[in-house]
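In what follows, a structure is listed as C-alpha cells, so that the remarks can point back to it.
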Amino acid sequence: MSDDALLVIAVAGVAALLLLILKAKVQPFVALVVVSVGVALAAGVPAADVVRTVEEGMGATLGHIATIIALGAMIGRIIELSGGAHAFAHALIDRFGGRHTPLALTVAGFVIGIPVFFEVGLIILMPIAYGVARAARRPLLVYALPMGAAMLTVHAFLPPHPGAVAAVEAIGADQGLVLLMGIPLTAVVVLLGHLMARRLTRRAYPMDPAVHAEVYGDREPGPGGRDSGTTGAGDAAPDLTAPDLTTSVLASSPSAVGDGHGTAVLARPAAVATGIRPPSPGMVLTLIVTPILLILLGTLGQNLLADGSPLRAVLTVLGAPMVALLIDVALCAYFLGVRRGWSRARLAEVMGSALPSVAMVILVAGAGGVFGKVLIAGGVGDAVAGVLERSGLSALALAFVTALALRAALGSTTVALITAAGILTPLLQRAELSTGQLSLVALAMGAGGLAVSHVNDAGYWMFTRLAGLDVPAGLRTWTVLTTAMGLTGFGLTACLWPLV
C-alpha cells in the first residue's frame, strides 16, 4: 500500500477517534480499541493477525505501566484519607505567612500533585482556598488559579501520572532521567505560572452566586478584592475553616470521563471529618519524595557505577519504579495507617478504594498502546514518520506540537499523550536519539498535554465550577494560564536539548 494511502488512513483514524469521543460520547477506551481495529484492517493487517496485534499492544503497554499507576494511586489515596494533604497545605500557609498564601498553596499543589491525581487534589485543596479567600476577603481566583495550574502541570509532566508513564514507556525514555530533569523543570514552570496568575487575577471576574455564598456568605468583597472593615490575610492569620464543598457544587462538575479518574472521591478526607489528628507535614513530604529519590538513585547508579558492582545491582532493583512505589506503599501504610490506629481491614479498604478510580485510566493507557502497535504493524507509523521528518521540525518540536494538537482536540491529557507517543514512536526509533534526548521528548509531550485546557476538558469544567467562573472567564484565566505554562515548559526543554 502506498504511503499516501496509509496517511489517509492515519488521518481518518484520528478523525474517527475525535468523532467517537467528542460527538458520539463514546468512552475513550472503547473508542481507541474500535479505531485501532478499523485502522489495522484498513492498513492491510491480515484479519487473522488483528486480534493478536491488539493483544500484543495491550499487553506490552500494561506490562510496564499498570502496576505503577495502581501503586501511585494507592499512595495518593492513603495520603488523602489520612489528612496528610490538608496538614501539609496548612503547614505551608503557616510557614509562608498570610501575604504569600497564594505561593504557599501553589507549592502545596505542586508537592501534593506528585502522588495525587489532579481532580482529587483539587477536591482536597479547594476547601483550603475557600477558607483563605473568605478570611482575607480577597477573590478566590487569587488562590485557586495558581494552585490548580500547579497540580495540572505535575499531572502532565511527571510519573507516576498515567499519561507521563505511558509516554515514557512507549518511546523508550528513562523514568529516572524524566524525573531528574522534569522535577526542576516543572518547578520552574509552576513558579512562572504563579507569577502569570498574579497578573491574570488583577482584574475582577464574575463569580457564580452559589459559589460566592459558599466562600463569602452574604458579604461582598470590597474594592481591590477585600471587604472593608475586615482583616486582610496579611494582617492576621486567616481562619482556614473552609465551608463544605456541598454536593450541589460538586455535582455540577462533569465527570472526568476523559481521563477515567478523579470523580470517585468527592468527599472530604475522613481524617479531617472525624477529627483524627493528621500526620506531620514532614512525614508527608518524606513519603512523597521517597520513591522519587529511589528512582533517581537507581538511574544514577546505572550511569555512574561499573557493571557488576553490588551497589549498582542493589540500586537498580530499588530504583525500578515498580519497586520504589511498592516500598513507598508499605511505608505509607505503616506510618500513615497502622501507626495511627488503622486496622488491617481499614487499610485494605483504603488501598482498594484507590483502584476503581484508576481502572479506566489503565485501560485507556492500554488502548493507546494498542493504537500505537496497530500504526506500526500496518506501516502507518512509518508513513506518518516520513511526513513528519520532511516537515523540517525537530523531534522535540514535533512531540510538543503533536501532543498540543491532540490535547486541544481530545481534551484529555492522558489520551493526548498516549496517542502522541503512538504516532511518534516510529519516527523516534529512526531518529536514533539518546536516552536523555528521549526523556526531553517525553517532557515536551507533557508540555503539549498541559496546554489548551478548554471546554472539552473535564478538568477545565471541574476547576471553573469549583472556582465559580463562567465559560468566558474560564477561557481568559484557566485556558490562557495552562497554555502559557505549556509553552514555557516546551521552551525549557528546548533550552536543555543542547545539553543532553
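Residue numbering restarts at 1 in every chain; chains get A, B, ... in the order shown in the C-alpha cells, and ligands count up from 1 in that same order.
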Practice problem: Using only C-alpha atoms, determine which residues lie at most 8 Å from range 331-340 of chain A, disregarding the query and same-chain residues fewer than 2 positions distant; provide the list as a list of chain:residue names. | Solution: A:Ile75, A:Ile78, A:Ile79, A:Ser82, A:Pro279, A:Leu287, A:Ile327, A:Asp328, A:Val329, A:Trp342, A:Ser343, A:Arg344, A:Leu347
Self-check item: Exercise: range 490-492 of chain A partners within 8 Å, only C-alpha atoms, chain neighbours under 4 positions left out, as a list in words
Solution: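 Using only C-alpha atoms, the neighbours found are Leu185, Phe400, Leu443, Ala444, Ala447, Gly448, Gly486 and Leu496 of chain A.
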Self-check item: Shortest interatomic distance to Ala166 in chain A - which of A:Leu179, A:Val364, A:Leu466, A:Ala385, counting only C-alpha atoms
Solution: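 Among the listed residues, A:Val364 lies closest to Ala166 in chain A.
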Quiz item: In terms of the shortest atom-to-atom distance over only C-alpha atoms, which of A:Val178, A:Ile9, A:Ile93, A:Val370 is closest to Val51 in chain A?
Solution: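 Checking each candidate against Val51 in chain A, we get A:Val370 as the closest.
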Practice problem: Would you mind listing what lies within 8 Å of Leu7 in chain A as a ChimeraX atom specification, with only C-alpha atoms counted and same-chain residues fewer than 3 positions away left out? | Solution: /A:3-4,10-11,380,383-384
At a cut-off of 12 Å, using only C-alpha atoms, what residues contact Leu375 in chain A? Leave out same-chain residues fewer than 4 positions from it and give the result as a compact mmCIF listing (two decimals) with all heavy atoms, in the first residue's frame.
# COMPACT_ATOMS: atom_id res chain seq x y z
N LEU A 6 -1.70 5.20 3.22
CA LEU A 6 -1.53 5.00 4.66
C LEU A 6 -1.74 6.29 5.44
O LEU A 6 -2.29 6.29 6.55
CB LEU A 6 -0.14 4.43 4.94
CG LEU A 6 0.10 3.00 4.46
CD1 LEU A 6 1.58 2.62 4.62
CD2 LEU A 6 -0.77 2.02 5.24
N LEU A 7 -1.30 7.41 4.86
CA LEU A 7 -1.52 8.70 5.52
C LEU A 7 -3.00 9.04 5.61
O LEU A 7 -3.47 9.57 6.61
CB LEU A 7 -0.77 9.80 4.78
CG LEU A 7 0.76 9.78 4.91
CD1 LEU A 7 1.38 10.82 4.00
CD2 LEU A 7 1.17 10.02 6.36
N ILE A 9 -5.36 6.88 5.81
CA ILE A 9 -5.88 6.00 6.86
C ILE A 9 -5.57 6.58 8.24
O ILE A 9 -6.42 6.57 9.14
CB ILE A 9 -5.28 4.59 6.71
CG1 ILE A 9 -5.83 3.92 5.45
CG2 ILE A 9 -5.58 3.74 7.94
CD1 ILE A 9 -5.13 2.63 5.10
N ALA A 10 -4.35 7.11 8.40
CA ALA A 10 -3.98 7.69 9.70
C ALA A 10 -4.87 8.89 10.03
O ALA A 10 -5.37 9.01 11.16
CB ALA A 10 -2.51 8.12 9.67
N VAL A 11 -5.06 9.78 9.06
CA VAL A 11 -5.90 10.96 9.28
C VAL A 11 -7.33 10.53 9.58
O VAL A 11 -7.99 11.06 10.49
CB VAL A 11 -5.85 11.90 8.06
CG1 VAL A 11 -6.86 13.02 8.21
CG2 VAL A 11 -4.45 12.47 7.90
N GLY A 13 -8.29 7.74 10.86
CA GLY A 13 -8.34 7.12 12.18
C GLY A 13 -8.42 8.15 13.29
O GLY A 13 -9.23 8.01 14.22
N VAL A 14 -7.59 9.19 13.21
CA VAL A 14 -7.63 10.23 14.23
C VAL A 14 -8.97 10.97 14.18
O VAL A 14 -9.56 11.29 15.22
CB VAL A 14 -6.46 11.21 14.04
CG1 VAL A 14 -6.57 12.38 15.01
CG2 VAL A 14 -5.12 10.49 14.26
N VAL A 35 -11.25 2.11 16.90
CA VAL A 35 -10.47 2.78 15.85
C VAL A 35 -9.22 1.96 15.52
O VAL A 35 -8.83 1.86 14.35
CB VAL A 35 -10.10 4.21 16.29
CG1 VAL A 35 -9.08 4.82 15.33
CG2 VAL A 35 -11.35 5.08 16.34
N SER A 36 -8.60 1.39 16.53
CA SER A 36 -7.40 0.58 16.28
C SER A 36 -7.70 -0.61 15.37
O SER A 36 -6.95 -0.91 14.43
CB SER A 36 -6.82 0.08 17.62
OG SER A 36 -6.39 1.15 18.42
N VAL A 37 -8.80 -1.30 15.65
CA VAL A 37 -9.18 -2.44 14.80
C VAL A 37 -9.48 -1.96 13.38
O VAL A 37 -9.06 -2.57 12.39
CB VAL A 37 -10.41 -3.16 15.40
CG1 VAL A 37 -10.93 -4.22 14.43
CG2 VAL A 37 -10.04 -3.80 16.73
N GLY A 38 -10.20 -0.83 13.28
CA GLY A 38 -10.51 -0.30 11.95
C GLY A 38 -9.27 0.10 11.18
O GLY A 38 -9.14 -0.20 9.98
N VAL A 39 -8.33 0.76 11.83
CA VAL A 39 -7.08 1.17 11.18
C VAL A 39 -6.27 -0.05 10.76
O VAL A 39 -5.69 -0.08 9.67
CB VAL A 39 -6.26 2.09 12.11
CG1 VAL A 39 -4.85 2.30 11.57
CG2 VAL A 39 -6.96 3.44 12.28
N ALA A 40 -6.23 -1.06 11.62
CA ALA A 40 -5.48 -2.28 11.28
C ALA A 40 -6.03 -2.93 10.01
O ALA A 40 -5.27 -3.31 9.11
CB ALA A 40 -5.53 -3.25 12.45
N LEU A 41 -7.34 -3.08 9.94
CA LEU A 41 -7.95 -3.71 8.76
C LEU A 41 -7.74 -2.85 7.52
O LEU A 41 -7.42 -3.36 6.44
CB LEU A 41 -9.43 -3.94 9.01
CG LEU A 41 -9.78 -4.98 10.09
CD1 LEU A 41 -11.28 -4.99 10.36
CD2 LEU A 41 -9.30 -6.37 9.68
N ALA A 42 -7.91 -1.53 7.67
CA ALA A 42 -7.75 -0.64 6.52
C ALA A 42 -6.31 -0.60 6.03
O ALA A 42 -6.06 -0.44 4.82
CB ALA A 42 -8.21 0.76 6.88
N ALA A 43 -5.36 -0.75 6.93
CA ALA A 43 -3.94 -0.68 6.57
C ALA A 43 -3.42 -2.00 6.00
O ALA A 43 -2.24 -2.08 5.62
CB ALA A 43 -3.11 -0.27 7.78
N GLY A 44 -4.24 -3.02 5.97
CA GLY A 44 -3.83 -4.27 5.35
C GLY A 44 -3.29 -5.31 6.30
O GLY A 44 -2.72 -6.32 5.86
N VAL A 45 -3.44 -5.11 7.61
CA VAL A 45 -3.03 -6.14 8.56
C VAL A 45 -3.95 -7.35 8.35
O VAL A 45 -5.19 -7.19 8.34
CB VAL A 45 -3.13 -5.63 10.02
CG1 VAL A 45 -2.82 -6.76 11.00
CG2 VAL A 45 -2.19 -4.46 10.23
N VAL A 50 -5.17 -9.46 13.44
CA VAL A 50 -5.65 -8.24 14.08
C VAL A 50 -5.78 -8.43 15.59
O VAL A 50 -5.30 -7.61 16.38
CB VAL A 50 -7.01 -7.81 13.48
CG1 VAL A 50 -7.64 -6.69 14.32
CG2 VAL A 50 -6.82 -7.33 12.04
N THR A 53 -2.45 -8.63 17.26
CA THR A 53 -1.81 -7.31 17.33
C THR A 53 -2.40 -6.50 18.47
O THR A 53 -1.67 -5.82 19.21
CB THR A 53 -1.99 -6.56 16.00
OG1 THR A 53 -1.44 -7.34 14.94
CG2 THR A 53 -1.31 -5.21 16.05
N VAL A 54 -3.73 -6.54 18.61
CA VAL A 54 -4.38 -5.82 19.71
C VAL A 54 -3.90 -6.34 21.05
O VAL A 54 -3.58 -5.57 21.97
CB VAL A 54 -5.92 -5.94 19.59
CG1 VAL A 54 -6.61 -5.42 20.84
CG2 VAL A 54 -6.41 -5.19 18.37
N GLY A 57 -0.30 -5.23 21.74
CA GLY A 57 -0.22 -3.82 22.10
C GLY A 57 -0.71 -3.56 23.51
O GLY A 57 -0.08 -2.81 24.27
N GLY A 368 -4.35 2.94 24.22
CA GLY A 368 -3.42 3.80 23.50
C GLY A 368 -2.23 3.01 22.98
O GLY A 368 -1.73 3.26 21.87
N GLY A 369 -1.77 2.05 23.78
CA GLY A 369 -0.69 1.18 23.32
C GLY A 369 -1.12 0.32 22.14
O GLY A 369 -0.34 0.06 21.21
N VAL A 370 -2.38 -0.11 22.14
CA VAL A 370 -2.92 -0.87 21.01
C VAL A 370 -2.90 -0.01 19.75
O VAL A 370 -2.49 -0.47 18.66
CB VAL A 370 -4.36 -1.32 21.32
CG1 VAL A 370 -5.01 -1.91 20.07
CG2 VAL A 370 -4.36 -2.35 22.44
N PHE A 371 -3.31 1.25 19.86
CA PHE A 371 -3.33 2.15 18.71
C PHE A 371 -1.92 2.32 18.14
O PHE A 371 -1.71 2.26 16.92
CB PHE A 371 -3.90 3.50 19.14
CG PHE A 371 -4.15 4.46 18.01
CD1 PHE A 371 -5.02 4.15 16.97
CD2 PHE A 371 -3.51 5.69 17.97
CE1 PHE A 371 -5.25 5.03 15.93
CE2 PHE A 371 -3.73 6.57 16.94
CZ PHE A 371 -4.61 6.24 15.91
N GLY A 379 2.18 -0.31 9.01
CA GLY A 379 3.03 0.56 8.23
C GLY A 379 2.61 2.01 8.25
O GLY A 379 3.26 2.87 7.64
N VAL A 380 1.51 2.31 8.96
CA VAL A 380 1.03 3.69 9.03
C VAL A 380 2.03 4.56 9.77
O VAL A 380 2.30 5.71 9.40
CB VAL A 380 -0.35 3.74 9.72
CG1 VAL A 380 -0.84 5.19 9.83
CG2 VAL A 380 -1.36 2.90 8.95
N GLY A 381 2.61 4.01 10.83
CA GLY A 381 3.57 4.77 11.62
C GLY A 381 4.76 5.23 10.81
O GLY A 381 5.21 6.39 10.92
N ASP A 382 5.29 4.34 9.96
CA ASP A 382 6.43 4.73 9.13
C ASP A 382 6.05 5.80 8.12
O ASP A 382 6.84 6.71 7.83
CB ASP A 382 6.98 3.50 8.39
CG ASP A 382 7.71 2.54 9.33
OD1 ASP A 382 8.24 3.03 10.35
OD2 ASP A 382 7.73 1.33 9.05
N ALA A 383 4.84 5.70 7.58
CA ALA A 383 4.39 6.72 6.62
C ALA A 383 4.24 8.08 7.30
O ALA A 383 4.67 9.11 6.76
CB ALA A 383 3.06 6.30 5.99
N VAL A 384 3.64 8.07 8.49
CA VAL A 384 3.50 9.33 9.24
C VAL A 384 4.87 9.87 9.63
O VAL A 384 5.14 11.08 9.55
CB VAL A 384 2.63 9.11 10.49
CG1 VAL A 384 2.61 10.36 11.37
CG2 VAL A 384 1.20 8.74 10.09
N ALA A 385 5.77 8.96 10.04
CA ALA A 385 7.11 9.39 10.42
C ALA A 385 7.83 10.05 9.26
O ALA A 385 8.55 11.05 9.43
CB ALA A 385 7.92 8.18 10.92
N THR A 419 -1.70 8.89 22.71
CA THR A 419 -1.86 8.87 21.26
C THR A 419 -0.66 9.50 20.57
O THR A 419 -0.18 9.00 19.54
CB THR A 419 -3.15 9.61 20.87
OG1 THR A 419 -4.25 9.07 21.60
CG2 THR A 419 -3.43 9.46 19.38
N ALA A 420 -0.17 10.61 21.10
CA ALA A 420 1.01 11.26 20.51
C ALA A 420 2.21 10.33 20.53
O ALA A 420 2.98 10.25 19.55
CB ALA A 420 1.32 12.55 21.26
N ALA A 421 2.39 9.61 21.64
CA ALA A 421 3.52 8.67 21.72
C ALA A 421 3.40 7.58 20.68
O ALA A 421 4.39 7.19 20.04
CB ALA A 421 3.59 8.07 23.13
N GLY A 422 2.16 7.07 20.48
CA GLY A 422 1.97 6.03 19.47
C GLY A 422 2.27 6.52 18.06
O GLY A 422 2.86 5.80 17.25
N ILE A 423 1.89 7.76 17.77
CA ILE A 423 2.13 8.32 16.44
C ILE A 423 3.61 8.56 16.19
O ILE A 423 4.14 8.33 15.10
CB ILE A 423 1.33 9.62 16.27
CG1 ILE A 423 -0.18 9.32 16.22
CG2 ILE A 423 1.76 10.38 15.02
CD1 ILE A 423 -1.05 10.55 16.24
N LEU A 424 4.32 9.02 17.23
CA LEU A 424 5.71 9.45 17.05
C LEU A 424 6.73 8.35 17.26
O LEU A 424 7.90 8.53 16.91
CB LEU A 424 6.02 10.60 18.01
CG LEU A 424 5.28 11.92 17.75
CD1 LEU A 424 5.57 12.92 18.86
CD2 LEU A 424 5.69 12.50 16.41
N THR A 425 6.34 7.22 17.83
CA THR A 425 7.32 6.17 18.14
C THR A 425 8.14 5.74 16.93
O THR A 425 9.37 5.63 17.02
CB THR A 425 6.61 4.97 18.79
OG1 THR A 425 6.08 5.36 20.06
CG2 THR A 425 7.58 3.81 19.00
N PRO A 426 7.53 5.46 15.75
CA PRO A 426 8.37 5.07 14.60
C PRO A 426 9.38 6.14 14.23
O PRO A 426 10.53 5.82 13.88
CB PRO A 426 7.33 4.86 13.49
CG PRO A 426 6.05 4.57 14.19
CD PRO A 426 6.09 5.41 15.43
N LEU A 427 8.98 7.41 14.26
CA LEU A 427 9.91 8.49 13.94
C LEU A 427 11.06 8.54 14.93
O LEU A 427 12.24 8.68 14.54
CB LEU A 427 9.16 9.83 13.93
CG LEU A 427 10.03 11.09 13.86
CD1 LEU A 427 10.78 11.14 12.54
CD2 LEU A 427 9.18 12.34 14.04
Exercise. For His64 in chain A, list every protein, DNA or RNA residue within 12 Å, evaluated using only C-alpha atoms, and leave out those in the same chain fewer than 6 positions away; present the list as a PyMOL selection string.
Key: chain A and resi 57-58+70+160+162+165-170+172+175+320-322+362+365-366+369
Exercise. Per DSSP on the backbone, filter range 55-181 of chain A down to the residues in alpha helix (DSSP H) and report them as a VMD selection string.
Key: chain A and resid 55 to 81 84 to 96 101 to 112 118 to 136 140 to 157 162 to 171 175 to 181
Could the residues of range 275-308 of chain A that have an atom at most 12 Å from range 105-128 of chain A be listed as a Markdown table, each with its closest atom pair and the distance in Å to one decimal, counting only C-alpha atoms and ordered by chain and ascending residue number?
| residue | atom | partner | partner_atom | distance |
| --- | --- | --- | --- | --- |
| A:Pro281 | CA | A:Ala108 | CA | 10.8 |
| A:Val284 | CA | A:Ile112 | CA | 9.2 |
| A:Leu285 | CA | A:Val111 | CA | 7.9 |
| A:Thr286 | CA | A:Val111 | CA | 10.9 |
| A:Leu287 | CA | A:Pro115 | CA | 9.7 |
| A:Ile288 | CA | A:Pro115 | CA | 6.7 |
| A:Val289 | CA | A:Ile114 | CA | 8.9 |
| A:Thr290 | CA | A:Pro115 | CA | 11.1 |
| A:Pro291 | CA | A:Pro115 | CA | 10.0 |
| A:Ile292 | CA | A:Ile114 | CA | 9.6 |
Could you take the residues named above and write them with N, CA and C atoms, as a PDB file, in the first residue's frame?
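Once everything was written out, this is again31.pdb:
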ATOM      1  N   PRO A 281       3.495  17.306  58.667  1.00  0.00           N
ATOM      2  CA  PRO A 281       3.860  17.696  57.303  1.00  0.00           C
ATOM      3  C   PRO A 281       5.194  17.099  56.859  1.00  0.00           C
ATOM      4  N   VAL A 284       4.654  13.575  55.716  1.00  0.00           N
ATOM      5  CA  VAL A 284       4.004  13.531  54.401  1.00  0.00           C
ATOM      6  C   VAL A 284       5.017  13.837  53.302  1.00  0.00           C
ATOM      7  N   LEU A 285       5.815  14.869  53.495  1.00  0.00           N
ATOM      8  CA  LEU A 285       6.809  15.239  52.489  1.00  0.00           C
ATOM      9  C   LEU A 285       7.818  14.116  52.279  1.00  0.00           C
ATOM     10  N   THR A 286       8.252  13.499  53.368  1.00  0.00           N
ATOM     11  CA  THR A 286       9.213  12.399  53.262  1.00  0.00           C
ATOM     12  C   THR A 286       8.646  11.239  52.448  1.00  0.00           C
ATOM     13  N   LEU A 287       7.398  10.905  52.700  1.00  0.00           N
ATOM     14  CA  LEU A 287       6.782   9.796  51.983  1.00  0.00           C
ATOM     15  C   LEU A 287       6.551  10.125  50.515  1.00  0.00           C
ATOM     16  N   ILE A 288       6.312  11.389  50.204  1.00  0.00           N
ATOM     17  CA  ILE A 288       6.117  11.773  48.799  1.00  0.00           C
ATOM     18  C   ILE A 288       7.425  11.676  48.019  1.00  0.00           C
ATOM     19  N   VAL A 289       8.522  12.110  48.634  1.00  0.00           N
ATOM     20  CA  VAL A 289       9.792  12.157  47.892  1.00  0.00           C
ATOM     21  C   VAL A 289      10.545  10.835  47.924  1.00  0.00           C
ATOM     22  N   THR A 290      10.179   9.908  48.815  1.00  0.00           N
ATOM     23  CA  THR A 290      10.920   8.646  48.922  1.00  0.00           C
ATOM     24  C   THR A 290      10.995   7.880  47.599  1.00  0.00           C
ATOM     25  N   PRO A 291       9.880   7.605  46.918  1.00  0.00           N
ATOM     26  CA  PRO A 291      10.017   6.864  45.652  1.00  0.00           C
ATOM     27  C   PRO A 291      10.779   7.644  44.591  1.00  0.00           C
ATOM     28  N   ILE A 292      10.648   8.965  44.609  1.00  0.00           N
ATOM     29  CA  ILE A 292      11.390   9.780  43.649  1.00  0.00           C
ATOM     30  C   ILE A 292      12.884   9.632  43.873  1.00  0.00           C
TER      31      ILE A 292
END
Quiz item: Out of A:Ala16, A:Phe88, A:Met351, A:Asp49, which residue has the shortest atom-to-atom distance to Val34 in chain A when counting only C-alpha atoms?
Solution: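 Once distances to Val34 in chain A are computed over only C-alpha atoms, the minimum belongs to A:Ala16.
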